[in-house]
$ cat target-v1.cif   # mmCIF, C-alpha atoms
data_model
loop_
_atom_site.label_atom_id
_atom_site.label_comp_id
_atom_site.auth_asym_id
_atom_site.auth_seq_id
_atom_site.Cartn_x
_atom_site.Cartn_y
_atom_site.Cartn_z
CA MET A 52 159.87 190.16 65.21
CA LYS A 53 163.15 188.81 66.43
CA GLU A 54 165.07 191.42 68.37
CA GLU A 55 168.40 190.72 66.72
CA PHE A 56 166.94 191.71 63.36
CA GLN A 57 165.35 194.92 64.52
CA ASN A 58 167.14 197.99 63.33
CA PRO A 59 165.64 201.17 64.77
CA GLU A 60 167.69 203.38 62.47
CA MET A 61 166.16 201.95 59.31
CA THR A 62 162.68 203.42 59.70
CA PRO A 63 163.85 207.08 59.97
CA ALA A 64 166.22 206.46 57.06
CA MET A 65 163.42 205.04 54.93
CA ASN A 66 161.16 207.95 55.83
CA ARG A 67 163.91 210.36 54.76
CA LEU A 68 164.29 208.45 51.51
CA PHE A 69 160.58 208.54 50.72
CA SER A 70 160.29 212.23 51.51
CA ALA A 71 163.26 212.96 49.22
CA CYS A 72 161.71 211.20 46.20
CA PRO A 73 159.15 213.67 44.82
CA GLN A 74 158.68 211.65 41.61
CA LEU A 75 158.28 208.22 43.21
CA GLU A 76 155.12 206.65 41.79
CA TYR A 77 155.61 202.91 42.18
CA LEU A 78 156.63 201.08 45.32
CA HIS A 79 156.99 197.32 45.56
CA ILE A 80 157.98 195.56 48.75
CA ARG A 81 158.35 191.81 48.95
CA GLU A 82 159.49 190.17 52.14
CA GLU A 83 159.08 186.43 52.38
CA PHE A 84 161.13 185.54 55.42
CA GLU A 85 160.54 186.54 58.98
CA GLU A 86 164.23 186.95 59.61
CA PHE A 87 164.50 189.65 56.96
CA ILE A 88 161.87 191.99 58.31
CA TRP A 89 163.04 195.56 58.47
CA LEU A 90 159.69 197.25 58.02
CA ALA A 91 158.41 198.96 61.11
CA ALA A 92 155.03 200.43 61.92
CA GLY A 93 156.39 203.99 61.85
CA LEU A 94 157.17 203.85 58.14
CA ARG A 95 155.30 206.62 56.31
CA LEU A 96 154.50 205.69 52.74
CA PRO A 97 154.90 208.46 50.16
CA PRO A 98 151.47 210.10 49.74
CA HIS A 99 152.01 210.72 46.01
CA LEU A 100 152.38 207.01 45.18
CA LYS A 101 150.29 205.81 42.27
CA TYR A 102 150.98 202.09 42.55
CA LEU A 103 151.64 200.06 45.68
CA SER A 104 152.44 196.37 45.70
CA LEU A 105 153.00 194.51 48.97
CA TYR A 106 153.96 190.85 49.00
CA ASP A 107 153.96 189.26 52.43
CA GLY A 108 155.54 186.00 53.36
CA ARG A 109 154.83 184.23 56.61
CA TYR A 110 155.29 187.48 58.47
CA ARG A 111 152.59 189.93 57.51
CA PHE A 112 154.18 193.33 57.48
CA SER A 113 151.31 194.74 55.40
CA GLN A 114 149.10 194.79 58.46
CA ARG A 115 151.39 197.32 60.10
CA LEU A 116 152.41 199.20 56.99
CA LEU A 117 148.85 199.93 55.91
CA SER A 118 147.93 201.85 59.00
CA VAL A 119 144.93 204.16 58.98
CA GLU A 120 147.27 207.15 58.60
CA ASN A 121 149.07 205.64 55.62
CA CYS A 122 145.82 204.60 53.95
CA MET A 123 144.28 208.04 54.33
CA ALA A 124 147.40 209.67 52.92
CA LEU A 125 147.66 207.27 49.97
CA ALA A 126 144.00 207.13 49.02
CA PRO A 127 143.59 210.29 46.87
CA ASN A 128 146.40 209.49 44.45
CA LEU A 129 146.65 205.71 44.42
CA ARG A 130 145.71 204.10 41.09
CA GLY A 131 146.86 200.55 41.73
CA LEU A 132 146.91 198.39 44.85
CA ARG A 133 148.10 194.84 45.00
CA LEU A 134 148.23 192.80 48.18
CA SER A 135 149.36 189.21 48.51
CA GLN A 136 147.75 188.39 51.81
CA PRO A 137 144.28 188.92 53.24
CA LEU A 138 144.15 191.67 55.80
CA ASN A 139 141.95 190.93 58.75
CA SER A 140 142.33 193.99 60.91
CA ALA A 141 139.25 196.12 61.38
CA PRO A 142 140.47 199.52 60.06
CA PHE A 143 141.85 198.11 56.85
CA PRO A 144 141.20 197.74 54.10
CA ARG A 145 139.47 201.10 54.00
CA LEU A 146 138.94 200.43 50.36
CA GLU A 147 136.09 202.88 50.01
CA GLU A 148 138.65 205.67 50.47
CA PHE A 149 140.56 204.57 47.37
CA VAL A 150 138.15 206.12 44.92
CA ASN A 151 140.66 206.49 42.08
CA LEU A 152 141.77 202.86 41.92
CA THR A 153 141.88 201.40 38.44
CA TYR A 154 143.75 198.23 39.43
CA LEU A 155 143.03 196.08 42.47
CA GLY A 156 144.60 192.77 43.35
CA MET A 157 143.78 191.04 46.57
CA GLU A 158 142.73 187.85 48.26
CA VAL A 159 139.09 187.77 49.21
CA THR A 160 138.21 186.16 52.51
CA LYS A 161 135.45 186.32 55.06
CA TYR A 162 137.46 189.05 56.78
CA ASN A 163 137.68 191.49 53.93
CA GLY A 164 134.82 190.38 51.69
CA ALA A 165 132.43 192.79 53.42
CA SER A 166 134.91 195.64 53.02
CA LEU A 167 135.24 194.85 49.35
CA LEU A 168 131.49 194.87 48.82
CA ALA A 169 131.10 198.12 50.73
CA ALA A 170 133.81 199.73 48.62
CA LEU A 171 132.41 198.67 45.26
CA PRO A 172 130.12 201.65 44.65
CA ALA A 173 133.10 203.98 45.06
CA MET A 174 135.23 202.02 42.59
CA ALA A 175 133.41 202.79 39.38
CA GLY A 176 136.68 203.43 37.59
CA LEU A 177 138.11 199.98 38.24
CA LYS A 178 139.53 198.51 35.03
CA ALA A 179 141.65 195.61 36.25
CA LEU A 180 140.78 193.17 38.97
CA GLU A 181 142.82 190.28 40.27
CA LEU A 182 141.14 188.15 42.90
CA ARG A 183 142.39 185.16 44.79
CA ARG A 184 140.28 182.58 46.66
CA VAL A 185 137.12 184.46 45.88
CA LYS A 186 133.69 182.96 46.42
CA ALA A 187 130.81 183.47 44.04
CA GLY A 188 128.60 185.41 46.44
CA VAL A 189 131.22 188.03 47.09
CA VAL A 190 131.54 189.16 43.51
CA ASP A 191 127.89 189.18 42.47
CA ASP A 192 127.84 192.96 42.39
CA PHE A 193 131.03 193.52 40.43
CA PRO A 194 129.42 193.82 37.00
CA THR A 195 126.94 196.36 38.35
CA HIS A 196 129.39 198.53 40.21
CA CYS A 197 132.44 198.07 37.97
CA PRO A 198 131.02 198.29 34.45
CA HIS A 199 134.35 199.37 32.96
CA LEU A 200 136.26 196.27 34.04
CA GLU A 201 138.56 195.21 31.19
CA HIS A 202 140.94 192.73 32.82
CA LEU A 203 139.84 189.97 35.15
CA SER A 204 142.14 187.46 36.79
CA ILE A 205 140.91 184.81 39.20
CA THR A 206 143.28 182.44 40.97
CA ASP A 207 143.06 179.76 43.62
CA VAL A 208 139.37 179.30 43.15
CA SER A 209 138.01 176.45 45.22
CA LYS A 210 136.76 173.45 43.32
CA GLU A 211 133.15 174.02 44.34
CA GLN A 212 133.24 177.65 43.24
CA LYS A 213 135.52 177.29 40.28
CA LEU A 214 133.23 178.25 37.42
CA GLU A 215 130.34 179.83 39.22
CA VAL A 216 132.41 182.95 39.79
CA LEU A 217 133.38 183.14 36.15
CA ARG A 218 129.80 182.66 34.97
CA GLN A 219 128.41 185.30 37.27
CA VAL A 220 131.05 187.89 36.60
CA GLY A 221 132.22 187.22 33.08
CA GLN A 222 128.84 187.00 31.43
CA ARG A 223 127.82 190.49 32.41
CA LEU A 224 131.06 192.38 31.87
CA GLU A 225 130.56 194.06 28.54
CA ASN A 226 134.02 195.58 28.32
CA LEU A 227 136.03 192.52 29.30
CA ARG A 228 139.15 192.25 27.15
CA SER A 229 141.35 189.93 29.14
CA LEU A 230 140.50 186.89 31.22
CA GLN A 231 142.98 184.82 33.17
CA VAL A 232 142.15 181.73 35.15
CA HIS A 233 145.15 180.37 37.00
CA GLU A 234 143.76 177.13 38.33
CA TYR A 235 145.56 174.02 37.27
CA ARG A 236 142.66 171.78 38.23
CA LEU A 237 140.18 173.77 36.24
CA LYS A 238 138.85 172.07 33.18
CA LEU A 239 136.45 173.85 30.92
CA SER A 240 133.70 171.60 29.66
CA SER A 241 131.59 172.55 26.68
CA VAL A 242 128.84 173.75 29.01
CA ASP A 243 131.33 175.80 31.00
CA CYS A 244 132.58 177.37 27.84
CA SER A 245 129.17 178.48 26.64
CA TRP A 246 129.27 181.75 28.55
CA LEU A 247 132.88 182.27 27.53
CA ARG A 248 131.87 181.79 23.91
CA ASN A 249 129.23 184.48 24.32
CA VAL A 250 131.78 186.85 25.82
CA ALA A 251 134.24 186.14 23.05
CA MET A 252 131.65 186.63 20.32
CA ARG A 253 130.97 190.14 21.53
CA GLY A 254 134.30 190.91 19.96
CA LYS A 255 136.03 192.67 22.81
CA LEU A 256 137.75 189.75 24.49
CA GLU A 257 141.33 189.71 23.26
CA TYR A 258 143.12 187.39 25.64
CA VAL A 259 142.16 184.22 27.45
CA GLN A 260 144.41 182.21 29.69
CA ALA A 261 143.19 178.99 31.23
CA PHE A 262 145.18 176.00 32.32
CA LEU A 263 143.37 172.85 31.38
CA GLY A 264 144.07 169.81 33.50
CA GLU A 265 142.67 166.72 35.14
CA ASP A 266 139.10 166.87 36.34
CA ASN A 267 137.07 164.23 38.13
CA THR A 268 133.74 165.79 37.29
CA PRO A 269 131.28 163.02 36.28
CA GLY A 270 130.47 163.14 32.60
CA VAL A 271 133.64 164.95 31.69
CA THR A 272 136.06 162.32 30.49
CA ALA A 273 138.32 163.99 28.01
CA GLU A 274 140.15 167.25 27.96
CA GLN A 275 138.08 169.85 26.21
CA PRO A 276 139.80 172.29 23.92
CA LEU A 277 138.62 175.85 23.99
CA PRO A 278 135.88 176.45 21.42
CA ALA A 279 137.15 177.34 17.99
CA GLU A 280 135.49 180.74 17.94
CA ILE A 281 137.29 181.68 21.14
CA VAL A 282 140.63 180.54 19.79
CA SER A 283 140.09 182.37 16.51
CA ASN A 284 138.97 185.58 18.13
CA CYS A 285 141.35 185.76 21.04
CA LYS A 286 144.94 185.17 21.93
CA VAL A 287 144.92 182.07 24.11
CA GLY A 288 147.63 181.71 26.75
CA MET B 277 192.25 190.54 29.60
CA GLY B 278 190.39 192.53 32.22
CA ILE B 279 191.72 195.69 33.78
CA PHE B 280 192.63 193.99 37.04
CA GLU B 281 194.46 191.21 35.22
CA GLN B 282 196.39 193.79 33.24
CA GLY B 283 197.41 195.51 36.44
CA ALA B 284 198.39 192.23 38.05
CA ALA B 285 200.40 191.19 34.98
CA GLN B 286 202.31 194.44 35.08
CA GLU B 287 203.10 193.83 38.73
CA GLY B 288 204.51 190.44 37.78
CA SER B 289 202.47 188.27 40.16
CA PHE B 290 199.07 188.06 41.76
CA PRO B 291 198.79 189.32 45.32
CA GLN B 292 199.27 186.34 47.60
CA PHE B 293 196.65 187.35 50.12
CA PHE B 294 193.81 186.94 47.62
CA SER B 295 192.17 183.56 47.34
CA ARG B 296 190.98 182.57 43.90
CA ASN B 297 187.34 183.33 44.78
CA SER B 298 187.97 186.71 46.31
CA PHE B 299 190.16 187.58 43.35
CA ASN B 300 187.32 186.71 40.98
CA ILE B 301 184.92 188.82 43.00
CA LEU B 302 187.30 191.76 42.96
CA LEU B 303 187.81 191.32 39.26
CA ILE B 304 184.09 191.39 38.61
CA LEU B 305 183.72 194.36 40.92
CA PHE B 306 186.38 196.39 39.16
CA GLN B 307 185.00 195.48 35.78
CA MET B 308 181.54 196.53 36.92
CA LEU B 309 182.80 199.86 38.22
CA TYR B 310 184.76 200.42 35.02
CA LEU B 311 181.71 199.61 32.91
CA LEU B 312 179.51 201.91 34.97
CA SER B 313 182.05 204.73 34.71
CA ARG B 314 181.79 204.45 30.93
CA CYS B 315 178.06 204.03 30.40
CA GLY B 316 176.38 204.46 33.77
CA THR B 317 174.84 207.81 32.88
CA ARG B 318 172.72 206.08 30.24
CA LEU B 319 171.16 203.62 32.68
CA VAL B 320 167.57 204.21 33.73
CA GLU B 321 166.99 200.80 35.35
CA LEU B 322 169.27 199.26 37.94
CA THR B 323 169.03 196.07 39.99
CA LEU B 324 171.40 195.54 42.89
CA ARG B 325 171.82 192.31 44.77
CA SER B 326 173.71 191.07 47.82
CA ARG B 327 175.87 193.39 49.87
CA PHE B 328 177.92 196.37 48.89
CA VAL B 329 180.25 198.11 51.26
CA LEU B 330 179.21 201.73 51.49
CA PRO B 331 182.02 203.26 49.36
CA VAL B 332 181.33 200.80 46.54
CA LEU B 333 177.58 201.39 46.73
CA GLN B 334 178.19 205.12 46.63
CA GLN B 335 180.50 204.72 43.65
CA VAL B 336 177.95 202.58 41.80
CA LEU B 337 175.06 204.96 42.44
CA GLU B 338 177.05 208.07 41.62
CA SER B 339 177.99 206.47 38.30
CA CYS B 340 174.30 206.09 37.45
CA PRO B 341 172.72 209.44 38.31
CA ASN B 342 169.86 209.03 35.82
CA VAL B 343 168.45 205.80 37.21
CA LYS B 344 164.69 206.08 37.60
CA HIS B 345 163.80 202.48 38.39
CA LEU B 346 165.75 200.89 41.22
CA ARG B 347 165.31 197.30 42.38
CA LEU B 348 167.07 196.05 45.48
CA TRP B 349 167.10 192.29 45.53
CA SER B 350 168.34 190.42 48.60
CA MET B 351 170.32 193.49 49.52
CA GLN B 352 171.80 193.96 52.95
CA LEU B 353 170.72 197.42 53.93
CA ASN B 354 171.46 199.75 56.76
CA ALA B 355 170.60 203.39 57.36
CA HIS B 356 173.80 204.60 55.68
CA ALA B 357 173.02 202.66 52.51
CA VAL B 358 169.48 204.04 52.44
CA ASP B 359 170.79 207.58 52.95
CA CYS B 360 173.25 206.98 50.13
CA ILE B 361 170.39 206.01 47.80
CA ARG B 362 168.46 209.08 48.88
CA LYS B 363 171.34 211.47 48.20
CA THR B 364 172.36 210.03 44.85
CA LEU B 365 169.09 208.94 43.21
CA GLY B 366 166.27 210.28 45.36
CA ARG B 367 165.33 213.18 43.15
CA ASN B 368 164.91 211.08 39.99
CA LEU B 369 163.42 207.85 41.31
CA LYS B 370 160.07 206.89 39.86
CA SER B 371 159.90 203.29 40.99
CA LEU B 372 161.48 201.48 43.87
CA ALA B 373 161.36 197.79 44.67
CA PHE B 374 162.61 195.98 47.75
CA GLU B 375 162.70 192.20 47.57
CA ASN B 376 163.83 190.19 50.57
CA CYS B 377 166.18 192.87 51.80
CA LEU B 378 168.01 192.26 55.04
CA SER B 379 168.46 194.96 57.59
CA VAL B 380 171.95 194.93 59.06
CA SER B 381 173.38 197.00 61.88
CA LEU B 382 175.54 200.01 61.19
#
$ encode --input "target-v1.cif" --output "structure tokens"
Amino acid sequence: MKEEFQNPEMTPAMNRLFSACPQLEYLHIREEFEEFIWLAAGLRLPPHLKYLSLYDGRYRFSQRLLSVENCMALAPNLRGLRLSQPLNSAPFPRLEEFVNLTYLGMEVTKYNGASLLAALPAMAGLKALELRRVKAGVVDDFPTHCPHLEHLSITDVSKEQKLEVLRQVGQRLENLRSLQVHEYRLKLSSVDCSWLRNVAMRGKLEYVQAFLGEDNTPGVTAEQPLPAEIVSNCKVG
Amino acid sequence: MGIFEQGAAQEGSFPQFFSRNSFNILLILFQMLYLLSRCGTRLVELTLRSRFVLPVLQQVLESCPNVKHLRLWSMQLNAHAVDCIRKTLGRNLKSLAFENCLSVSL
């Protein structure tokens, strides 16, 4: 952190603010530029928060903000957690402590993939999941441990993994109502759509969002529209 | 005609020390404060951007005592501004968002 932008009086002031907000349930912090950092390690997040959203830029303040103390204090009440960057420090994410999470959004990497898997059995109540850069092997156990998952969003999936994740997870999620695939290179072929058709025909899927674009996969030459039964049964974004 | 223009017209001429831009900013500021004094108590969501000098920030927040959702967007903050938010809105706040806020010295 550049010294000229440090402001030691801000952290106590923010702590006073948080302690004076007994009804505060949702906190969103987005800092994209290193020069604008005003978040210090001593910041104590309100323990009664229900939703926490942290969006890092180049400078990863989340690493310091989600200290062990803050995580332990937040865990009992937190319902939603959304992180923009992967956290690679050992203590966090202590996801297994967040037993009441119903919404989780995070980037899955080799650093936190193990933590995510270890936390799955404790997250039986998870209803919404947003994953970025996830690999197929990491999410094999999601349908088993998160049977109530209703909303699934997968972004920045690598080309090699692009549909394997969706097949493995989507096919076995009985309660899935919303599926979003934000991958502009992803193109759903008729084979790829077969599992999606099965999900849609179960009658619970209400919303599908997939961006169809160019694909160099051999044998796939033309853009494939979503199957008619999916379009008729669901709202397609 | 806005309230500042009315005042200036009654005076007979615009103050010479205001440039056109700063006059426009003042005009908007006065209009905003006037609007908030009339309907601020009904607001439950408020987004603030850029920099407010402390008295203006205090005036804005005191005009909107029922705000529950506060978003600070590219705000220049210092400890006094944060304390001002705490004193005026702290008890009612349900959601709070900071986006690219800049910490400035007191």
$ resolve_selection --input "target-v1.cif" --expression "the PyMOL selection byres ((chain A) within 6 of (chain B))" --output "number ranges by chain"
A: 60-61, 64, 68, 71-72, 74-82, 87, 89
$ resolve_selection --input "target-v1.cif" --expression "the PyMOL selection byres ((chain B and resi 333-338) around 12)" --output "mmCIF file with C-alpha atoms, in the coordinates of the input"
data_model
loop_
_atom_site.group_PDB
_atom_site.id
_atom_site.type_symbol
_atom_site.label_atom_id
_atom_site.label_comp_id
_atom_site.auth_asym_id
_atom_site.auth_seq_id
_atom_site.Cartn_x
_atom_site.Cartn_y
_atom_site.Cartn_z
ATOM 1 C CA LEU B 305 183.720 194.360 40.920
ATOM 2 C CA PHE B 306 186.380 196.390 39.160
ATOM 3 C CA GLN B 307 185.000 195.480 35.780
ATOM 4 C CA MET B 308 181.540 196.530 36.920
ATOM 5 C CA LEU B 309 182.800 199.860 38.220
ATOM 6 C CA TYR B 310 184.760 200.420 35.020
ATOM 7 C CA LEU B 311 181.710 199.610 32.910
ATOM 8 C CA LEU B 312 179.510 201.910 34.970
ATOM 9 C CA SER B 313 182.050 204.730 34.710
ATOM 10 C CA ARG B 314 181.790 204.450 30.930
ATOM 11 C CA CYS B 315 178.060 204.030 30.400
ATOM 12 C CA GLY B 316 176.380 204.460 33.770
ATOM 13 C CA THR B 317 174.840 207.810 32.880
ATOM 14 C CA LEU B 319 171.160 203.620 32.680
ATOM 15 C CA VAL B 320 167.570 204.210 33.730
ATOM 16 C CA GLU B 321 166.990 200.800 35.350
ATOM 17 C CA LEU B 322 169.270 199.260 37.940
ATOM 18 C CA THR B 323 169.030 196.070 39.990
ATOM 19 C CA LEU B 324 171.400 195.540 42.890
ATOM 20 C CA ARG B 325 171.820 192.310 44.770
ATOM 21 C CA SER B 326 173.710 191.070 47.820
ATOM 22 C CA ARG B 327 175.870 193.390 49.870
ATOM 23 C CA PHE B 328 177.920 196.370 48.890
ATOM 24 C CA VAL B 329 180.250 198.110 51.260
ATOM 25 C CA LEU B 330 179.210 201.730 51.490
ATOM 26 C CA PRO B 331 182.020 203.260 49.360
ATOM 27 C CA VAL B 332 181.330 200.800 46.540
ATOM 28 C CA SER B 339 177.990 206.470 38.300
ATOM 29 C CA CYS B 340 174.300 206.090 37.450
ATOM 30 C CA PRO B 341 172.720 209.440 38.310
ATOM 31 C CA ASN B 342 169.860 209.030 35.820
ATOM 32 C CA VAL B 343 168.450 205.800 37.210
ATOM 33 C CA LYS B 344 164.690 206.080 37.600
ATOM 34 C CA LEU B 346 165.750 200.890 41.220
ATOM 35 C CA LEU B 348 167.070 196.050 45.480
ATOM 36 C CA MET B 351 170.320 193.490 49.520
ATOM 37 C CA GLN B 352 171.800 193.960 52.950
ATOM 38 C CA LEU B 353 170.720 197.420 53.930
ATOM 39 C CA ASN B 354 171.460 199.750 56.760
ATOM 40 C CA HIS B 356 173.800 204.600 55.680
ATOM 41 C CA ALA B 357 173.020 202.660 52.510
ATOM 42 C CA VAL B 358 169.480 204.040 52.440
ATOM 43 C CA ASP B 359 170.790 207.580 52.950
ATOM 44 C CA CYS B 360 173.250 206.980 50.130
ATOM 45 C CA ILE B 361 170.390 206.010 47.800
ATOM 46 C CA ARG B 362 168.460 209.080 48.880
ATOM 47 C CA LYS B 363 171.340 211.470 48.200
ATOM 48 C CA THR B 364 172.360 210.030 44.850
ATOM 49 C CA LEU B 365 169.090 208.940 43.210
ATOM 50 C CA GLY B 366 166.270 210.280 45.360
#
$ atom_distance --input "target-v1.cif" --atom1 "atom CA of Gly131 of chain A" --atom2 "atom CA of Arg183 of chain A"
16.3 Å
$ resolve_selection --input "target-v1.cif" --expression "the PyMOL selection byres ((chain A and resi 154-168) around 6)" --output "PyMOL selection string"
chain A and resi 131-134+137+139+152-153+169-171+179-185
$ axis_aligned_box --input "target-v1.cif" --around "segment 149-164 of chain A" --padding-each-side "6 Å" --output "lines of an AutoDock Vina configuration file"
center_x = 139.7
center_y = 196.3
center_z = 47.6
size_x = 21.8
size_y = 32.3
size_z = 30.3
$ atom_distance --input "target-v1.cif" --atom1 "atom CA of Arg95 of chain A" --atom2 "atom CA of Met123 of chain A"
11.3 Å
$ atom_distance --input "target-v1.cif" --atom1 "atom CA of Asn66 of chain A" --atom2 "atom CA of Pro98 of chain A"
11.6 Å
